[in-house]
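Trainee: I'm passing along protein.txt; it holds compact mmCIF, C-alpha atoms.
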```txt
# COMPACT_ATOMS: atom_id res chain seq x y z
CA MET A 1383 90.84 -60.51 1.82
CA ASN A 1384 91.87 -58.13 4.55
CA TYR A 1385 93.12 -54.64 3.84
CA PHE A 1386 96.73 -55.46 4.69
CA GLU A 1387 96.66 -58.28 2.14
CA LEU A 1388 95.03 -55.94 -0.36
CA PHE A 1389 97.92 -53.51 0.03
CA ASP A 1390 100.42 -56.39 0.27
CA TRP A 1391 101.62 -55.16 3.67
CA PRO A 1392 102.28 -56.93 6.95
CA VAL A 1393 99.75 -56.23 9.70
CA SER A 1394 100.89 -53.07 11.46
CA PHE A 1395 99.58 -50.15 13.48
CA ASN A 1396 102.02 -47.67 11.96
CA ILE A 1397 101.04 -46.80 8.44
CA ASP A 1398 103.44 -44.66 6.43
CA MET A 1399 101.17 -42.00 4.91
CA GLY A 1400 103.47 -41.47 1.93
CA LYS A 1401 103.51 -45.18 1.11
CA LEU A 1402 99.77 -45.36 1.72
CA ALA A 1403 99.07 -42.67 -0.87
CA GLN A 1404 101.49 -44.22 -3.35
CA LYS A 1405 100.08 -47.74 -2.98
CA TYR A 1406 96.50 -46.48 -3.04
CA PHE A 1407 97.00 -44.65 -6.35
CA GLU A 1408 98.86 -47.63 -7.78
CA LEU A 1409 95.95 -49.92 -6.91
CA GLN A 1410 93.36 -47.37 -8.08
CA LYS A 1411 95.05 -47.28 -11.49
CA LYS A 1412 94.88 -51.06 -11.62
CA TYR A 1413 91.29 -51.54 -10.45
CA HIS A 1414 89.37 -48.35 -11.21
CA PRO A 1415 85.98 -49.21 -12.78
CA ASP A 1416 86.57 -46.80 -15.68
CA PHE A 1417 89.24 -49.18 -16.96
CA PHE A 1418 86.71 -52.01 -17.17
CA ILE A 1419 83.97 -50.30 -19.21
CA ARG A 1420 84.54 -52.74 -22.07
CA GLY A 1421 84.98 -55.69 -19.70
CA THR A 1422 82.44 -58.31 -18.83
CA GLU A 1423 79.74 -57.55 -16.30
CA GLN A 1424 81.65 -59.68 -13.76
CA GLU A 1425 84.87 -57.76 -14.37
CA GLN A 1426 83.00 -54.48 -13.89
CA GLU A 1427 81.46 -55.72 -10.63
CA ASP A 1428 84.84 -56.98 -9.41
CA ALA A 1429 86.47 -53.62 -10.21
CA LEU A 1430 83.72 -51.76 -8.39
CA GLU A 1431 84.07 -54.05 -5.36
CA MET A 1432 87.86 -53.63 -5.35
CA THR A 1433 87.54 -49.85 -5.53
CA THR A 1434 85.11 -49.92 -2.60
CA GLN A 1435 87.60 -52.03 -0.63
CA LEU A 1436 90.45 -49.65 -1.50
CA ASN A 1437 88.46 -46.63 -0.35
CA SER A 1438 87.52 -48.34 2.92
CA ALA A 1439 91.13 -49.36 3.52
CA LEU A 1440 92.35 -45.83 2.84
CA LYS A 1441 89.88 -44.37 5.32
CA ILE A 1442 90.92 -46.84 8.01
CA PHE A 1443 94.66 -46.60 7.42
CA LYS A 1444 94.60 -42.79 7.54
CA ASN A 1445 93.27 -42.89 11.12
CA LYS A 1446 95.38 -44.49 13.85
CA SER A 1447 92.38 -45.26 16.06
CA GLU A 1448 90.52 -46.87 13.15
CA THR A 1449 93.61 -48.91 12.28
CA ILE A 1450 93.79 -50.20 15.86
CA LYS A 1451 90.08 -51.03 15.72
CA TYR A 1452 90.52 -52.82 12.40
CA VAL A 1453 93.45 -54.95 13.57
CA LEU A 1454 91.66 -55.88 16.79
CA ALA A 1455 88.59 -56.89 14.77
CA LEU A 1456 90.79 -58.82 12.35
CA LYS A 1457 92.19 -60.74 15.32
CA GLY A 1458 88.70 -61.50 16.60
CA LEU A 1459 89.13 -59.33 19.70
CA LEU A 1460 86.62 -56.62 18.86
CA PRO A 1461 83.21 -58.12 18.22
CA GLU A 1462 80.69 -55.77 16.66
CA ASP A 1463 78.41 -54.10 19.21
CA GLU A 1464 80.57 -55.31 22.09
CA LYS A 1465 79.65 -53.86 25.47
CA TYR A 1466 83.22 -53.50 26.70
CA GLN A 1467 83.58 -52.79 30.40
CA LEU A 1468 86.25 -50.20 31.13
CA PRO A 1469 88.18 -50.49 34.40
CA GLN A 1470 86.32 -49.06 37.39
CA ASN A 1471 89.16 -46.71 38.37
CA PHE A 1472 89.14 -45.17 34.88
CA LEU A 1473 85.37 -44.70 34.99
CA MET A 1474 85.60 -43.07 38.42
CA GLU A 1475 88.26 -40.68 37.13
CA MET A 1476 86.05 -39.83 34.14
CA MET A 1477 83.02 -39.30 36.37
CA ALA A 1478 85.01 -36.85 38.48
CA LEU A 1479 86.22 -35.09 35.35
CA ASN A 1480 82.67 -34.84 33.96
CA GLU A 1481 81.24 -33.47 37.21
CA ASP A 1482 83.77 -30.70 37.52
CA LEU A 1483 84.85 -29.87 34.00
CA PRO A 1484 87.62 -27.34 34.35
CA ASP A 1485 88.07 -24.46 31.95
CA ASP A 1486 90.92 -26.38 30.38
CA ALA A 1487 88.93 -29.64 30.10
CA ALA A 1488 89.96 -30.20 26.49
CA GLY A 1489 93.61 -29.76 27.41
CA ARG A 1490 93.26 -32.15 30.31
CA ILE A 1491 91.52 -34.75 28.16
CA ASN A 1492 94.18 -34.43 25.46
CA ALA A 1493 96.85 -34.88 28.13
CA LEU A 1494 95.08 -38.00 29.42
CA THR A 1495 94.86 -39.35 25.89
CA SER A 1496 98.58 -38.74 25.38
CA GLU A 1497 99.36 -40.42 28.68
CA LEU A 1498 97.29 -43.46 27.71
CA TYR A 1499 98.94 -43.59 24.31
CA SER A 1500 102.41 -43.49 25.84
CA GLN A 1501 101.55 -46.70 27.70
CA VAL A 1502 100.82 -48.60 24.47
CA GLN A 1503 103.16 -46.79 22.11
CA PRO A 1504 105.91 -49.43 22.41
CA LEU A 1505 103.37 -52.10 21.42
CA ILE A 1506 102.22 -50.02 18.48
CA ASP A 1507 105.69 -49.00 17.32
CA ASN A 1508 107.18 -52.49 17.63
CA TYR A 1509 104.18 -54.57 16.62
CA ASN A 1510 105.04 -57.83 14.94
CA ASP A 1511 102.03 -59.88 13.91
CA SER A 1512 103.84 -63.19 14.22
CA SER A 1513 105.04 -62.61 17.78
CA ALA A 1514 102.25 -60.46 19.24
CA THR A 1515 100.50 -62.02 22.19
CA THR A 1516 96.84 -61.91 23.05
CA ALA A 1517 97.82 -59.98 26.19
CA ASP A 1518 99.47 -57.31 24.02
CA LEU A 1519 96.38 -57.02 21.87
CA LEU A 1520 94.11 -56.85 24.91
CA LYS A 1521 96.16 -53.90 26.21
CA LEU A 1522 95.57 -52.18 22.88
CA LYS A 1523 91.89 -53.02 23.10
CA GLU A 1524 91.62 -51.34 26.49
CA TYR A 1525 93.50 -48.32 25.15
CA TYR A 1526 91.14 -48.19 22.15
CA TYR A 1527 88.04 -48.09 24.35
CA LYS A 1528 89.54 -45.54 26.75
CA GLU A 1529 90.57 -43.28 23.88
CA LYS A 1530 87.11 -43.64 22.36
CA TYR A 1531 85.53 -42.66 25.70
CA LEU A 1532 87.74 -39.59 25.99
CA GLN A 1533 86.96 -38.60 22.41
CA ARG A 1534 83.23 -38.68 23.18
CA ILE A 1535 83.81 -36.25 26.05
CA LEU A 1536 85.80 -33.95 23.75
CA ASP A 1537 83.08 -34.14 21.11
CA ARG A 1538 80.48 -33.19 23.71
CA LEU A 1539 82.59 -30.23 24.86
CA GLU A 1540 83.02 -28.99 21.29
CA GLY A 1541 79.36 -29.58 20.36
```
Will you turn the file into structure tokens for me?
Mentor:
Amino acid sequence: MNYFELFDWPVSFNIDMGKLAQKYFELQKKYHPDFFIRGTEQEQEDALEMTTQLNSALKIFKNKSETIKYVLALKGLLPEDEKYQLPQNFLMEMMALNEDLPDDAAGRINALTSELYSQVQPLIDNYNDSSATTADLLKLKEYYYKEKYLQRILDRLEG
């Protein structure tokens, strides 16, 4: 069962945080292991597994980047430990940025991230699982890896 099925939602990149909290607590009330103390061992194990799934789903759905990663993996487009090759022009731009980090490097990286997001925002905002093309998802995959690369630079600057 995937997390969208667990929450009885269509596959989407835009998760309503209010609905997420509401649905999460509704499902927690239904499946929390404390409610199965007098149940069979199998019922207790199932409740524990469901609670683990709910917590994982919550963590993913609360983070837009993790939601993108999850959907891409769900679609078979993000194999684990993939060595994705970013476009050469992007890597050259990042190399130049790394060599001469300006005083406002974090601001510049955040601006680049926003610019990249604006290019995929229509795909994210209007995503329809039944009509999405592989090309659309591959654009999101490239965005995901670029954003991840930029985040590593920010983490290094802050560390």
Trainee: Considering all atoms listed in the file, can you say which of A:Asn1492, A:Gln1404, A:Gln1426, A:Asn1396 comes closest to Ile1442 (chain A)?
Mentor: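 Result for the nearest residue to Ile1442 (chain A): A:Asn1396.
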Trainee: Near Glu1448 (chain A), within 10 Å and counting all atoms listed in the file, which residues show up once chain neighbours fewer than 6 positions away are dropped, as a compact mmCIF listing (two decimals) with C-alpha atoms, in the coordinates of the input?
Mentor:
```
# COMPACT_ATOMS: atom_id res chain seq x y z
CA PHE A 1395 99.58 -50.15 13.48
CA ALA A 1439 91.13 -49.36 3.52
CA LYS A 1441 89.88 -44.37 5.32
CA ILE A 1442 90.92 -46.84 8.01
CA LEU A 1454 91.66 -55.88 16.79
CA TYR A 1526 91.14 -48.19 22.15
```
Trainee: So how many Å separate CA of Tyr1525 (chain A) and CA of Tyr1466 (chain A), to one decimal?
Mentor: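 CA of Tyr1525 (chain A) sits 11.6 Å away from CA of Tyr1466 (chain A).
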Trainee: Considering all atoms listed in the file, return as a list in words whatever protein or nucleic-acid residues lie within 10 Å of Ala1487 (chain A), sequence-local ones (same chain, fewer than 6 positions apart) excluded.
Mentor: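 Surrounding residues, per the criterion: Leu1479, Asn1480, Ala1493, Ile1535, Leu1536 and Leu1539 of chain A.
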Trainee: Assuming 3 Å of padding per side, give the centre and edge lengths of the axis-aligned box around every listed atom of region 1383-1397 of chain A, in Å to one decimal and as lines of an AutoDock Vina configuration file.
Mentor:
```
center_x = 96.6
center_y = -53.7
center_z = 6.6
size_x = 17.4
size_y = 19.7
size_z = 19.8
```
Trainee: Using only C-alpha atoms, which of the listed residues (A:Lys1528, A:Met1477, A:Met1432, A:Ile1397) sits closest to Ile1506 (chain A)?
Mentor: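 The closest residue to Ile1506 (chain A) is A:Ile1397.
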Trainee: Identify, on the basis of only C-alpha atoms, every residue whose closest approach to Lys1523 (chain A) does not exceed 12 Å; exclude the query and any residue fewer than 6 positions from it along the same chain; express the result as JSON, numbers by chain.
Mentor: {"A": [1447, 1448, 1449, 1450, 1451, 1452, 1453, 1454, 1455, 1457, 1458, 1459, 1460, 1461, 1464, 1466, 1467, 1468, 1498, 1499, 1502, 1505, 1506, 1516, 1517, 1529, 1530]}
Trainee: Measuring between all atoms listed in the file, which one of A:Pro1392, A:Pro1415, A:Gly1489, A:Gly1400 shows the shortest distance to Thr1433 (chain A)?
Mentor: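 Nearest candidate to Thr1433 (chain A) out of A:Pro1392, A:Pro1415, A:Gly1489, A:Gly1400: A:Pro1415.
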Trainee: Which of these, A:Leu1532, A:Leu1436, A:Leu1456, A:Met1476, has the shortest distance to Asp1511 (chain A) once you count all atoms listed in the file?
Mentor: A:Leu1456
Trainee: Considering only C-alpha atoms, can you say which of A:Tyr1385, A:Tyr1527, A:Phe1418, A:Tyr1509 comes closest to Thr1495 (chain A)?
Mentor: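 Under the stated criterion, the closest residue is A:Tyr1527.
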Trainee: Please report the interatomic distance between CA of Gln1503 (chain A) and CA of Val1393 (chain A) in Å with one decimal.
Mentor: 16.0 Å
Trainee: Would you mind reading off the distance between CA of Asn1384 (chain A) and CA of Ser1496 (chain A), one decimal, in Å?
Mentor: 29.2 Å
Trainee: Ranking A:Asp1507, A:Arg1534, A:Glu1462, A:Glu1408 by minimum distance to Leu1522 (chain A) and counting only C-alpha atoms, which one comes first?
Mentor: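 With only C-alpha atoms as the atom set, the closest residue is A:Asp1507.
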Trainee: Mind listing whatever residues come within 10 Å of the point (101.3, -45.2, 6.7)? Use all atoms listed in the file, file coordinates, and give them as a ChimeraX atom specification.
Mentor: /A:1394-1403,1440,1443-1446
